[in-house]
file my_file08.cif (mmCIF, C-alpha atoms)
data_input
#
loop_
_atom_site.label_atom_id
_atom_site.label_comp_id
_atom_site.auth_asym_id
_atom_site.auth_seq_id
_atom_site.Cartn_x
_atom_site.Cartn_y
_atom_site.Cartn_z
CA MET A 1 40.04 -4.19 4.69
CA ALA A 2 39.30 -7.54 6.30
CA THR A 3 38.30 -10.53 4.15
CA ARG A 4 34.99 -10.70 6.06
CA SER A 5 34.15 -7.14 5.03
CA LEU A 6 34.93 -7.81 1.36
CA SER A 7 32.84 -10.98 1.45
CA PHE A 8 29.89 -9.08 2.88
CA PHE A 9 30.02 -6.52 0.07
CA ARG A 10 30.41 -9.18 -2.62
CA VAL A 11 27.47 -11.23 -1.34
CA LEU A 12 25.20 -8.20 -1.08
CA LEU A 13 26.23 -6.91 -4.51
CA LEU A 14 25.50 -10.33 -6.04
CA PHE A 15 22.15 -10.50 -4.24
CA LEU A 16 21.11 -7.07 -5.47
CA THR A 17 22.27 -7.86 -9.01
CA LEU A 18 20.13 -11.01 -9.10
CA SER A 19 17.22 -8.96 -7.82
CA VAL A 20 17.62 -6.41 -10.61
CA ARG A 21 17.53 -9.21 -13.19
CA SER A 22 14.34 -10.69 -11.78
CA ASN A 23 11.37 -10.47 -14.12
CA GLY A 24 8.75 -10.88 -11.39
CA GLN A 25 5.78 -8.56 -11.51
CA GLY A 26 5.87 -5.79 -8.92
CA VAL A 27 3.61 -6.03 -5.89
CA GLY A 28 2.46 -2.97 -4.00
CA ILE A 29 2.99 -2.84 -0.24
CA ASN A 30 1.72 -0.57 2.52
CA TYR A 31 4.62 0.73 4.61
CA GLY A 32 3.13 1.75 7.95
CA GLN A 33 5.30 3.09 10.76
CA ILE A 34 3.14 3.08 13.90
CA ALA A 35 5.83 1.28 15.88
CA ASN A 36 8.96 1.95 17.92
CA ASN A 37 11.03 -1.03 16.77
CA LEU A 38 11.15 -0.76 12.99
CA PRO A 39 14.36 -0.75 10.93
CA SER A 40 15.48 2.56 9.47
CA PRO A 41 14.03 3.57 6.10
CA ALA A 42 17.49 3.14 4.59
CA ARG A 43 17.57 -0.53 5.57
CA VAL A 44 13.97 -0.97 4.42
CA ALA A 45 14.99 0.36 1.00
CA VAL A 46 17.45 -2.52 0.66
CA LEU A 47 14.87 -5.04 1.92
CA LEU A 48 12.29 -3.96 -0.64
CA ARG A 49 14.83 -3.96 -3.43
CA SER A 50 15.79 -7.51 -2.52
CA LEU A 51 12.11 -8.48 -2.70
CA ASN A 52 11.74 -6.79 -6.10
CA ILE A 53 8.87 -4.70 -4.71
CA THR A 54 8.61 -1.54 -6.78
CA ARG A 55 5.42 0.07 -5.47
CA VAL A 56 5.04 1.47 -1.95
CA LYS A 57 2.19 3.29 -0.24
CA LEU A 58 2.99 5.61 2.66
CA TYR A 59 0.46 7.12 5.05
CA ASP A 60 2.32 10.42 5.10
CA ALA A 61 5.19 12.06 3.22
CA ASP A 62 7.99 11.08 5.60
CA PRO A 63 11.11 12.86 4.28
CA ASN A 64 13.40 10.20 5.78
CA VAL A 65 11.67 7.49 3.75
CA LEU A 66 11.55 9.52 0.54
CA PHE A 67 15.22 10.48 0.87
CA SER A 68 16.26 6.88 1.55
CA PHE A 69 14.64 5.77 -1.70
CA SER A 70 16.37 8.43 -3.83
CA ASN A 71 17.45 7.10 -7.22
CA SER A 72 15.61 3.82 -6.68
CA GLN A 73 13.03 2.36 -9.06
CA VAL A 74 10.25 2.41 -6.46
CA ASP A 75 6.99 4.23 -7.19
CA PHE A 76 5.49 5.94 -4.15
CA MET A 77 1.95 6.83 -3.19
CA ILE A 78 2.24 9.38 -0.41
CA GLY A 79 -0.49 10.24 2.07
CA LEU A 80 -1.93 13.59 3.04
CA GLY A 81 -3.49 13.10 6.48
CA ASN A 82 -7.10 13.77 7.43
CA GLU A 83 -5.94 16.54 9.75
CA PHE A 84 -4.98 18.75 6.78
CA LEU A 85 -8.23 18.56 4.85
CA GLN A 86 -10.36 21.22 6.47
CA ASN A 87 -7.69 23.93 6.24
CA MET A 88 -6.86 23.04 2.63
CA SER A 89 -10.52 23.06 1.65
CA THR A 90 -10.90 26.66 2.82
CA ASP A 91 -7.42 27.91 1.91
CA PRO A 92 -5.99 26.31 -1.28
CA THR A 93 -2.63 28.02 -0.71
CA LYS A 94 -2.06 25.54 2.12
CA ALA A 95 -2.18 22.71 -0.43
CA GLN A 96 0.45 24.49 -2.52
CA SER A 97 2.65 24.96 0.56
CA TRP A 98 2.28 21.29 1.53
CA ILE A 99 3.35 20.14 -1.93
CA GLN A 100 6.27 22.55 -2.04
CA GLN A 101 7.48 21.39 1.39
CA ARG A 102 6.67 17.66 1.28
CA LEU A 103 6.79 16.62 -2.38
CA GLN A 104 8.96 19.00 -4.41
CA PRO A 105 12.22 18.47 -2.43
CA HIS A 106 12.12 14.76 -3.32
CA ILE A 107 10.40 14.37 -6.67
CA SER A 108 13.51 14.93 -8.78
CA LYS A 109 15.13 11.80 -7.28
CA THR A 110 12.28 9.78 -5.74
CA ARG A 111 9.45 8.54 -7.94
CA ILE A 112 6.24 9.91 -6.41
CA THR A 113 3.27 8.95 -8.57
CA SER A 114 0.24 9.71 -6.41
CA ILE A 115 -1.04 11.74 -3.47
CA VAL A 116 -3.69 9.98 -1.39
CA VAL A 117 -5.74 12.79 0.12
CA GLY A 118 -7.29 11.53 3.35
CA ASN A 119 -7.91 7.97 4.51
CA GLU A 120 -11.32 6.36 5.12
CA ILE A 121 -13.01 9.75 5.50
CA PHE A 122 -16.56 8.41 5.17
CA LYS A 123 -15.96 5.92 7.98
CA THR A 124 -15.52 8.84 10.40
CA ASN A 125 -19.14 10.02 9.90
CA ASP A 126 -17.73 13.51 10.48
CA HIS A 127 -19.69 15.53 7.95
CA VAL A 128 -17.41 18.54 8.24
CA LEU A 129 -14.46 16.32 7.37
CA ILE A 130 -16.41 14.51 4.65
CA SER A 131 -17.45 17.80 3.04
CA SER A 132 -13.81 18.94 3.11
CA LEU A 133 -12.51 15.98 1.10
CA LEU A 134 -13.36 17.03 -2.45
CA PRO A 135 -12.35 20.72 -2.03
CA ALA A 136 -9.04 19.55 -0.55
CA MET A 137 -8.47 17.13 -3.46
CA LYS A 138 -9.23 19.92 -5.92
CA ALA A 139 -6.83 22.26 -4.10
CA VAL A 140 -4.07 19.64 -4.28
CA TYR A 141 -4.73 19.02 -7.97
CA SER A 142 -4.72 22.76 -8.74
CA ALA A 143 -1.41 23.12 -6.90
CA LEU A 144 0.05 20.30 -9.00
CA VAL A 145 -1.18 22.03 -12.16
CA ASN A 146 0.43 25.30 -11.03
CA LEU A 147 3.72 23.47 -10.57
CA GLY A 148 3.43 21.50 -13.82
CA LEU A 149 3.23 18.16 -12.00
CA GLU A 150 -0.35 17.05 -12.72
CA LYS A 151 0.74 14.59 -15.45
CA GLN A 152 3.34 13.04 -13.17
CA VAL A 153 1.37 12.84 -9.91
CA THR A 154 -2.26 11.74 -9.63
CA VAL A 155 -4.69 12.78 -6.90
CA THR A 156 -6.98 10.30 -5.18
CA SER A 157 -8.29 9.17 -1.77
CA ALA A 158 -8.65 5.80 0.00
CA HIS A 159 -12.00 4.58 1.30
CA SER A 160 -13.47 1.86 3.46
CA LEU A 161 -16.09 -0.58 2.18
CA ASP A 162 -18.30 0.70 5.01
CA MET A 163 -19.49 3.32 2.50
CA LEU A 164 -21.57 0.61 0.80
CA GLN A 165 -25.20 0.11 1.76
CA THR A 166 -25.45 -3.15 -0.20
CA SER A 167 -22.66 -5.42 -1.40
CA TYR A 168 -24.45 -8.74 -2.04
CA PRO A 169 -24.90 -9.85 -4.69
CA PRO A 170 -22.17 -7.77 -6.35
CA SER A 171 -24.51 -6.49 -9.07
CA SER A 172 -26.68 -4.90 -6.35
CA GLY A 173 -23.83 -2.86 -4.89
CA SER A 174 -24.96 0.60 -3.75
CA PHE A 175 -23.68 3.46 -1.60
CA LYS A 176 -25.28 4.61 1.63
CA GLU A 177 -27.84 7.30 0.84
CA GLU A 178 -26.31 9.90 3.15
CA PHE A 179 -22.98 9.72 1.29
CA ILE A 180 -24.31 10.07 -2.26
CA PRO A 181 -24.39 13.92 -2.28
CA TYR A 182 -20.63 13.81 -1.57
CA LEU A 183 -19.76 10.81 -3.74
CA GLN A 184 -21.45 12.00 -6.92
CA PRO A 185 -19.23 15.08 -7.37
CA LEU A 186 -16.24 13.11 -6.08
CA LEU A 187 -16.67 10.51 -8.81
CA ASP A 188 -17.19 13.28 -11.37
CA PHE A 189 -13.81 14.67 -10.31
CA HIS A 190 -12.12 11.26 -10.57
CA SER A 191 -13.54 10.93 -14.07
CA GLN A 192 -12.39 14.42 -15.03
CA ILE A 193 -8.77 13.96 -13.92
CA LYS A 194 -8.68 10.22 -14.78
CA SER A 195 -7.58 9.05 -11.35
CA PRO A 196 -8.46 5.72 -9.69
CA PHE A 197 -10.92 5.19 -6.84
CA LEU A 198 -9.06 3.45 -3.99
CA ILE A 199 -10.69 0.97 -1.64
CA ASN A 200 -9.46 -0.74 1.53
CA ALA A 201 -11.02 -4.22 1.29
CA TYR A 202 -10.70 -6.91 3.97
CA PRO A 203 -12.56 -10.22 3.54
CA PHE A 204 -11.21 -11.07 7.01
CA PHE A 205 -13.68 -8.69 8.66
CA ALA A 206 -16.66 -10.19 6.86
CA TYR A 207 -15.55 -13.72 7.73
CA LYS A 208 -14.82 -12.84 11.36
CA ASP A 209 -18.30 -11.36 11.79
CA SER A 210 -20.17 -14.18 10.01
CA PRO A 211 -18.09 -17.38 10.04
CA LYS A 212 -21.20 -19.56 9.79
CA GLU A 213 -22.49 -17.80 6.68
CA ILE A 214 -19.18 -17.20 4.89
CA SER A 215 -16.92 -20.03 3.86
CA LEU A 216 -13.31 -19.66 4.99
CA GLU A 217 -12.21 -21.07 1.62
CA TYR A 218 -14.23 -18.34 -0.14
CA ALA A 219 -12.42 -15.69 1.91
CA LEU A 220 -8.96 -17.21 1.39
CA PHE A 221 -9.08 -17.80 -2.41
CA GLN A 222 -9.15 -21.54 -1.76
CA PRO A 223 -11.11 -24.00 -3.93
CA ASN A 224 -14.84 -23.70 -3.16
CA GLN A 225 -18.18 -23.76 -4.95
CA GLY A 226 -18.50 -19.98 -4.69
CA MET A 227 -21.68 -18.13 -5.65
CA VAL A 228 -23.46 -17.05 -8.81
CA ASP A 229 -24.88 -13.55 -9.12
CA SER A 230 -28.39 -14.26 -10.42
CA SER A 231 -28.63 -10.87 -12.12
CA THR A 232 -25.44 -11.22 -14.17
CA ASN A 233 -24.84 -14.99 -14.11
CA LEU A 234 -21.26 -14.23 -13.08
CA HIS A 235 -19.57 -16.77 -10.84
CA TYR A 236 -17.52 -15.63 -7.84
CA ASP A 237 -15.12 -17.97 -6.08
CA ASN A 238 -13.57 -15.40 -3.71
CA MET A 239 -14.90 -12.57 -1.58
CA LEU A 240 -12.35 -9.91 -2.54
CA PHE A 241 -13.42 -9.95 -6.19
CA ALA A 242 -17.07 -9.83 -5.13
CA GLN A 243 -16.34 -6.78 -2.95
CA VAL A 244 -14.57 -4.98 -5.79
CA ASP A 245 -17.38 -5.68 -8.24
CA ALA A 246 -19.96 -4.51 -5.69
CA LEU A 247 -18.10 -1.20 -5.60
CA TYR A 248 -18.06 -1.04 -9.41
CA SER A 249 -21.83 -1.57 -9.34
CA ALA A 250 -22.29 1.22 -6.80
CA ILE A 251 -20.16 3.57 -8.91
CA LYS A 252 -22.25 2.67 -11.96
CA THR A 253 -25.45 3.68 -10.15
CA LEU A 254 -23.99 7.20 -9.99
CA GLY A 255 -23.43 7.26 -13.72
CA HIS A 256 -19.78 6.24 -14.07
CA THR A 257 -18.22 3.32 -15.88
CA ASP A 258 -15.00 5.23 -16.52
CA VAL A 259 -13.51 5.18 -13.01
CA GLU A 260 -11.12 2.33 -12.19
CA VAL A 261 -11.22 0.70 -8.75
CA ARG A 262 -7.88 -0.19 -7.18
CA ILE A 263 -7.26 -1.92 -3.86
CA SER A 264 -5.19 0.36 -1.63
CA GLU A 265 -5.22 -2.06 1.32
CA THR A 266 -5.98 -5.72 1.81
CA GLY A 267 -4.46 -8.37 4.03
CA TRP A 268 -5.08 -10.94 6.76
CA PRO A 269 -3.82 -10.87 10.37
CA SER A 270 -1.53 -13.59 11.67
CA LYS A 271 -2.77 -13.17 15.24
CA GLY A 272 -5.92 -11.85 16.90
CA GLU A 273 -8.16 -11.73 19.93
CA GLU A 274 -10.09 -14.82 21.01
CA ASN A 275 -13.16 -13.56 19.14
CA GLU A 276 -11.22 -12.69 15.97
CA ILE A 277 -11.99 -15.97 14.30
CA GLY A 278 -9.63 -16.92 11.50
CA ALA A 279 -6.67 -14.76 12.54
CA SER A 280 -3.67 -17.10 12.27
CA PRO A 281 -0.31 -17.40 10.47
CA GLU A 282 -1.67 -20.27 8.38
CA ASN A 283 -4.67 -18.29 7.12
CA ALA A 284 -2.61 -15.14 6.58
CA ALA A 285 -0.14 -17.15 4.48
CA LEU A 286 -2.98 -18.62 2.42
CA TYR A 287 -4.67 -15.26 1.87
CA ASN A 288 -1.60 -13.28 0.88
CA GLY A 289 0.06 -16.14 -0.98
CA ASN A 290 -3.03 -16.80 -3.10
CA LEU A 291 -3.54 -13.07 -3.62
CA LEU A 292 0.03 -12.63 -4.90
CA ARG A 293 -0.54 -15.53 -7.30
CA LEU A 294 -3.66 -13.85 -8.71
CA VAL A 295 -1.76 -10.58 -9.13
CA GLN A 296 1.05 -12.38 -10.96
CA GLU A 297 -1.52 -14.07 -13.21
CA ARG A 298 -3.00 -10.63 -13.96
CA LYS A 299 -6.48 -11.76 -13.01
CA GLY A 300 -9.44 -9.46 -13.33
CA THR A 301 -12.74 -9.67 -11.47
CA PRO A 302 -15.71 -11.44 -13.10
CA ALA A 303 -17.28 -8.07 -14.02
CA LYS A 304 -13.96 -6.61 -15.24
CA PRO A 305 -11.99 -9.62 -16.54
CA SER A 306 -9.78 -7.51 -18.80
CA VAL A 307 -8.67 -5.20 -15.95
CA PRO A 308 -6.00 -6.93 -13.80
CA ILE A 309 -6.53 -6.29 -10.11
CA ASP A 310 -4.26 -3.63 -8.71
CA VAL A 311 -3.38 -4.36 -5.09
CA TYR A 312 -1.36 -2.91 -2.22
CA VAL A 313 -0.92 -5.54 0.47
CA PHE A 314 -1.26 -4.48 4.09
CA ALA A 315 1.34 -4.44 5.46
CA LEU A 316 5.12 -4.64 5.30
CA PHE A 317 5.78 -4.94 9.06
CA ASN A 318 3.89 -5.77 12.23
CA GLU A 319 3.36 -2.43 13.97
CA ASN A 320 3.51 -2.73 17.75
CA LEU A 321 1.98 0.66 18.64
CA LYS A 322 -1.21 0.43 16.60
CA PRO A 323 -4.31 0.83 18.79
CA GLY A 324 -7.24 -1.58 18.75
CA PRO A 325 -7.45 -5.37 18.95
CA ILE A 326 -4.44 -7.66 18.69
CA SER A 327 -5.03 -8.19 14.98
CA GLU A 328 -4.25 -4.52 14.24
CA ARG A 329 -0.64 -5.10 15.30
CA ASN A 330 -0.25 -8.33 13.33
CA TYR A 331 -0.91 -7.69 9.64
CA GLY A 332 2.75 -7.56 8.66
CA LEU A 333 4.48 -9.86 6.21
CA PHE A 334 7.68 -9.30 8.20
CA PHE A 335 8.78 -8.86 11.77
CA PRO A 336 10.82 -5.70 12.42
CA ASP A 337 14.03 -7.76 12.27
CA GLY A 338 13.29 -8.66 8.64
CA LYS A 339 12.23 -12.26 9.29
CA PRO A 340 9.03 -13.38 7.53
CA VAL A 341 6.03 -13.81 9.84
CA TYR A 342 4.99 -16.72 7.61
CA ASN A 343 6.03 -18.09 4.24
CA VAL A 344 4.45 -16.59 1.11
CA GLY A 345 7.53 -17.08 -1.04
CA LEU A 346 9.06 -13.68 -0.28
CA GLN A 347 12.61 -14.06 1.00
CA GLY A 348 14.22 -10.66 1.48
CA TYR A 349 17.44 -9.23 2.84
CA LEU A 350 17.51 -6.67 5.66
CA PRO A 351 21.11 -5.43 6.06
CA ASP A 352 22.82 -5.07 9.40
CA ILE A 353 23.80 -1.63 10.62
CA ILE A 354 27.28 -0.48 9.61
CA TYR A 355 29.44 1.90 11.61
CA SER A 356 32.31 3.13 9.48
CA SER A 357 33.66 6.30 7.96
CA SER A 358 36.29 4.38 6.01
CA ALA A 359 37.13 5.91 2.63
CA THR A 360 37.21 2.38 1.20
CA THR A 361 33.66 1.75 2.38
CA ILE A 362 32.51 5.00 0.81
CA LYS A 363 34.09 4.08 -2.52
CA ILE A 364 32.44 0.65 -2.58
CA LEU A 365 29.04 2.07 -1.71
CA ASN A 366 29.34 4.73 -4.38
CA VAL A 367 30.02 1.98 -6.91
CA TRP A 368 26.78 0.35 -5.81
CA ARG A 369 24.96 3.62 -6.32
CA ALA A 370 26.20 3.84 -9.91
CA VAL A 371 25.75 0.18 -10.83
CA MET A 372 22.46 -0.60 -9.08
CA GLY A 373 20.60 2.64 -9.55
CA LEU A 374 20.09 2.75 -5.78
CA ALA A 375 21.38 5.31 -3.31
CA VAL A 376 22.87 2.47 -1.30
CA ALA A 377 25.85 4.51 -0.24
CA GLY A 378 23.75 7.23 1.27
CA MET A 379 21.40 4.67 2.74
CA ILE A 380 23.96 2.60 4.55
CA LEU A 381 26.17 5.44 5.64
CA ASP A 382 23.18 7.36 6.99
CA MET A 383 22.00 4.41 9.02
CA GLY A 384 25.60 3.56 10.00
CA VAL A 385 27.23 0.10 9.67
CA LYS A 386 27.54 -2.58 12.39
CA MET A 387 30.40 -4.11 10.54
CA LYS A 388 33.84 -3.01 11.75
CA MET A 389 36.57 -2.40 9.22
CA ARG A 390 39.86 -4.10 10.09
#

call {"tool": "encode", "arguments": {"input": "my_file08.cif", "output": "structure tokens"}}
result
Amino acid sequence: MATRSLSFFRVLLLFLTLSVRSNGQGVGINYGQIANNLPSPARVAVLLRSLNITRVKLYDADPNVLFSFSNSQVDFMIGLGNEFLQNMSTDPTKAQSWIQQRLQPHISKTRITSIVVGNEIFKTNDHVLISSLLPAMKAVYSALVNLGLEKQVTVTSAHSLDMLQTSYPPSSGSFKEEFIPYLQPLLDFHSQIKSPFLINAYPFFAYKDSPKEISLEYALFQPNQGMVDSSTNLHYDNMLFAQVDALYSAIKTLGHTDVEVRISETGWPSKGEENEIGASPENAALYNGNLLRLVQERKGTPAKPSVPIDVYVFALFNENLKPGPISERNYGLFFPDGKPVYNVGLQGYLPDIIYSSSATTIKILNVWRAVMGLAVAGMILDMGVKMKMR
């Protein structure tokens, strides 16, 4: 084997070893794939390991991704798309089939901790779809119970803040009247099975729509005078925490103080249309960098100071095929080649592609699998190596 090849393996092994020894707190990331230029899931597995990211949210149950993360220490939230809900709500056996086909083949080796049933259902204003959400969630939960997996895998759904009628001040948070007949039993179910209520929260949208009324510093977690909720006397110095507490207030109006709110998406675009005020690499770096600092400090919101915020940043990569304005394709922390879009202190390693069937290569990669607890051998051989053995 050439010296260059051995050096490559030694450097990567050292890099991964240092990553394993890191004591940094894990940060959740949304791994979207609406693009035609992304690296293979196998390479992404190495990138995330190098970043010490141990929580990933998928929008589906992509078997290639789940297989590539076999024997890793990454916890996955997998998505069950809106298109499945109506059928599952009327025929629970379809939920059982979905779990047997999409989850069971992987769960012995890949850590799947949650199924997110549907995404931003209430934003669709499709009342057939909205009325299908809870029955579909119950069907999924019952299927997990039948398979003995309900303790291992939670059931939830992700929502948009558009479901709120009022969000300011936070103590006045309330749901839109037309959604309450659906949300009341939904929250009862969350309480019953002890699963979190997920929210996609984006201060960027509020700032973009009202830049004269909302301080950019308030949106970006920068020093500012903030606001005081006159009803609670609580002081808010950033919009994200105010949004979360507004949701807690809305949930309380429906009789629940036992349902935890977690942030399934939040982020800031690095580029946007001319009218998307605030979309820039500098602001994206400030938003995500300050957010990561708050997560590491285990900060809670003013209304829930003892509950550290739980966040999944949107998103891992820029996705070039996403529809909508320019900003939709520019939320990524990384370009598809693994280079950071801006600096938030995350320096990762995206391996090159290797083409080799060498027995020596296989032996080395199998050692990695045993030592690192990662299926690196399968990963790299499946994606194939650019390095030539000499």

call {"tool": "resolve_selection", "arguments": {"input": "my_file08.cif", "expression": "the PyMOL selection byres ((chain A and resi 146) around 12)", "output": "PyMOL selection string"}}
result
chain A and resi 92-93+95-97+99-100+139-145+147-151

call {"tool": "closest_residue", "arguments": {"input": "my_file08.cif", "among": "A:Gln73, A:Ser174, A:Gln152, A:Ser131", "to": "Leu186 (chain A)", "atoms": "only C-alpha atoms"}}
result
A:Ser131

call {"tool": "residues_near_point", "arguments": {"input": "my_file08.cif", "point": "(-13.4, -23.6, -0.6)", "cutoff": "10 Å", "atoms": "only C-alpha atoms", "output": "ChimeraX atom specification"}}
result
/A:215-226,237-238

call {"tool": "write_last_selection", "arguments": {"input": "my_file08.cif", "atoms": "C-alpha atoms", "output": "tab-separated table (two decimals), keeping the file's coordinate frame"}}
result
chain	number	residue	atom	x	y	z
A	215	SER	CA	-16.92	-20.03	3.86
A	216	LEU	CA	-13.31	-19.66	4.99
A	217	GLU	CA	-12.21	-21.07	1.62
A	218	TYR	CA	-14.23	-18.34	-0.14
A	219	ALA	CA	-12.42	-15.69	1.91
A	220	LEU	CA	-8.96	-17.21	1.39
A	221	PHE	CA	-9.08	-17.80	-2.41
A	222	GLN	CA	-9.15	-21.54	-1.76
A	223	PRO	CA	-11.11	-24.00	-3.93
A	224	ASN	CA	-14.84	-23.70	-3.16
A	225	GLN	CA	-18.18	-23.76	-4.95
A	226	GLY	CA	-18.50	-19.98	-4.69
A	237	ASP	CA	-15.12	-17.97	-6.08
A	238	ASN	CA	-13.57	-15.40	-3.71

call {"tool": "residues_around", "arguments": {"input": "my_file08.cif", "residues": "Leu254 (chain A)", "least_positions_apart": "4", "cutoff": "9 Å", "atoms": "all atoms listed in the file", "output": "JSON, numbers by chain"}}
result
{"A": [180, 183, 184, 187, 250]}

call {"tool": "write_last_selection", "arguments": {"input": "my_file08.cif", "atoms": "C-alpha atoms", "output": "PDB file, in the coordinates of the input"}}
result
ATOM      1  CA  ILE A 180     -24.310  10.070  -2.260  1.00  0.00           C
ATOM      2  CA  LEU A 183     -19.760  10.810  -3.740  1.00  0.00           C
ATOM      3  CA  GLN A 184     -21.450  12.000  -6.920  1.00  0.00           C
ATOM      4  CA  LEU A 187     -16.670  10.510  -8.810  1.00  0.00           C
ATOM      5  CA  ALA A 250     -22.290   1.220  -6.800  1.00  0.00           C
TER       6      ALA A 250
END

call {"tool": "closest_atom_pairs", "arguments": {"input": "my_file08.cif", "of": "region 183-262 of chain A", "to": "region 298-301 of chain A", "cutoff": "9 Å", "atoms": "only C-alpha atoms", "output": "JSON lines"}}
result
{"residue": "A:Tyr236", "atom": "CA", "partner": "A:Thr301", "partner_atom": "CA", "distance": 8.5}
{"residue": "A:Leu240", "atom": "CA", "partner": "A:Thr301", "partner_atom": "CA", "distance": 8.9}
{"residue": "A:Phe241", "atom": "CA", "partner": "A:Thr301", "partner_atom": "CA", "distance": 5.3}
{"residue": "A:Ala242", "atom": "CA", "partner": "A:Thr301", "partner_atom": "CA", "distance": 7.7}
{"residue": "A:Val244", "atom": "CA", "partner": "A:Thr301", "partner_atom": "CA", "distance": 7.6}
{"residue": "A:Asp245", "atom": "CA", "partner": "A:Thr301", "partner_atom": "CA", "distance": 6.9}

call {"tool": "build_atoms", "arguments": {"input": "my_file08.cif", "residues": "region 200-212 of chain A", "atoms": "N, CA, C and O atoms", "output": "mmCIF file, in the coordinates of the input"}}
result
data_model
loop_
_atom_site.group_PDB
_atom_site.id
_atom_site.type_symbol
_atom_site.label_atom_id
_atom_site.label_comp_id
_atom_site.auth_asym_id
_atom_site.auth_seq_id
_atom_site.Cartn_x
_atom_site.Cartn_y
_atom_site.Cartn_z
ATOM 1 N N ASN A 200 -10.102 0.154 0.567
ATOM 2 C CA ASN A 200 -9.460 -0.740 1.530
ATOM 3 C C ASN A 200 -10.428 -1.903 1.771
ATOM 4 O O ASN A 200 -11.490 -1.707 2.367
ATOM 5 N N ALA A 201 -10.090 -3.078 1.270
ATOM 6 C CA ALA A 201 -11.020 -4.220 1.290
ATOM 7 C C ALA A 201 -10.425 -5.376 2.079
ATOM 8 O O ALA A 201 -9.321 -5.841 1.771
ATOM 9 N N TYR A 202 -11.182 -5.853 3.080
ATOM 10 C CA TYR A 202 -10.700 -6.910 3.970
ATOM 11 C C TYR A 202 -11.749 -8.012 4.136
ATOM 12 O O TYR A 202 -12.626 -7.919 4.994
ATOM 13 N N PRO A 203 -11.670 -9.070 3.334
ATOM 14 C CA PRO A 203 -12.560 -10.220 3.540
ATOM 15 C C PRO A 203 -12.487 -10.780 4.966
ATOM 16 O O PRO A 203 -13.453 -11.379 5.443
ATOM 17 N N PHE A 204 -11.353 -10.585 5.641
ATOM 18 C CA PHE A 204 -11.210 -11.070 7.010
ATOM 19 C C PHE A 204 -12.329 -10.544 7.910
ATOM 20 O O PHE A 204 -12.894 -11.294 8.716
ATOM 21 N N PHE A 205 -12.663 -9.262 7.789
ATOM 22 C CA PHE A 205 -13.680 -8.690 8.660
ATOM 23 C C PHE A 205 -15.042 -9.347 8.434
ATOM 24 O O PHE A 205 -15.771 -9.640 9.385
ATOM 25 N N ALA A 206 -15.375 -9.564 7.170
ATOM 26 C CA ALA A 206 -16.660 -10.190 6.860
ATOM 27 C C ALA A 206 -16.695 -11.621 7.394
ATOM 28 O O ALA A 206 -17.708 -12.056 7.969
ATOM 29 N N TYR A 207 -15.596 -12.352 7.220
ATOM 30 C CA TYR A 207 -15.550 -13.720 7.730
ATOM 31 C C TYR A 207 -15.609 -13.750 9.243
ATOM 32 O O TYR A 207 -16.353 -14.552 9.837
ATOM 33 N N LYS A 208 -14.848 -12.885 9.889
ATOM 34 C CA LYS A 208 -14.820 -12.840 11.360
ATOM 35 C C LYS A 208 -16.220 -12.591 11.934
ATOM 36 O O LYS A 208 -16.608 -13.190 12.940
ATOM 37 N N ASP A 209 -16.974 -11.710 11.282
ATOM 38 C CA ASP A 209 -18.300 -11.360 11.790
ATOM 39 C C ASP A 209 -19.358 -12.405 11.472
ATOM 40 O O ASP A 209 -20.366 -12.491 12.181
ATOM 41 N N SER A 210 -19.138 -13.203 10.415
ATOM 42 C CA SER A 210 -20.170 -14.180 10.010
ATOM 43 C C SER A 210 -19.529 -15.497 9.564
ATOM 44 O O SER A 210 -19.691 -15.928 8.419
ATOM 45 N N PRO A 211 -18.790 -16.164 10.461
ATOM 46 C CA PRO A 211 -18.090 -17.380 10.040
ATOM 47 C C PRO A 211 -19.010 -18.538 9.668
ATOM 48 O O PRO A 211 -18.591 -19.463 8.962
ATOM 49 N N LYS A 212 -20.260 -18.487 10.131
ATOM 50 C CA LYS A 212 -21.200 -19.560 9.790
ATOM 51 C C LYS A 212 -21.821 -19.357 8.418
ATOM 52 O O LYS A 212 -22.251 -20.305 7.771
#
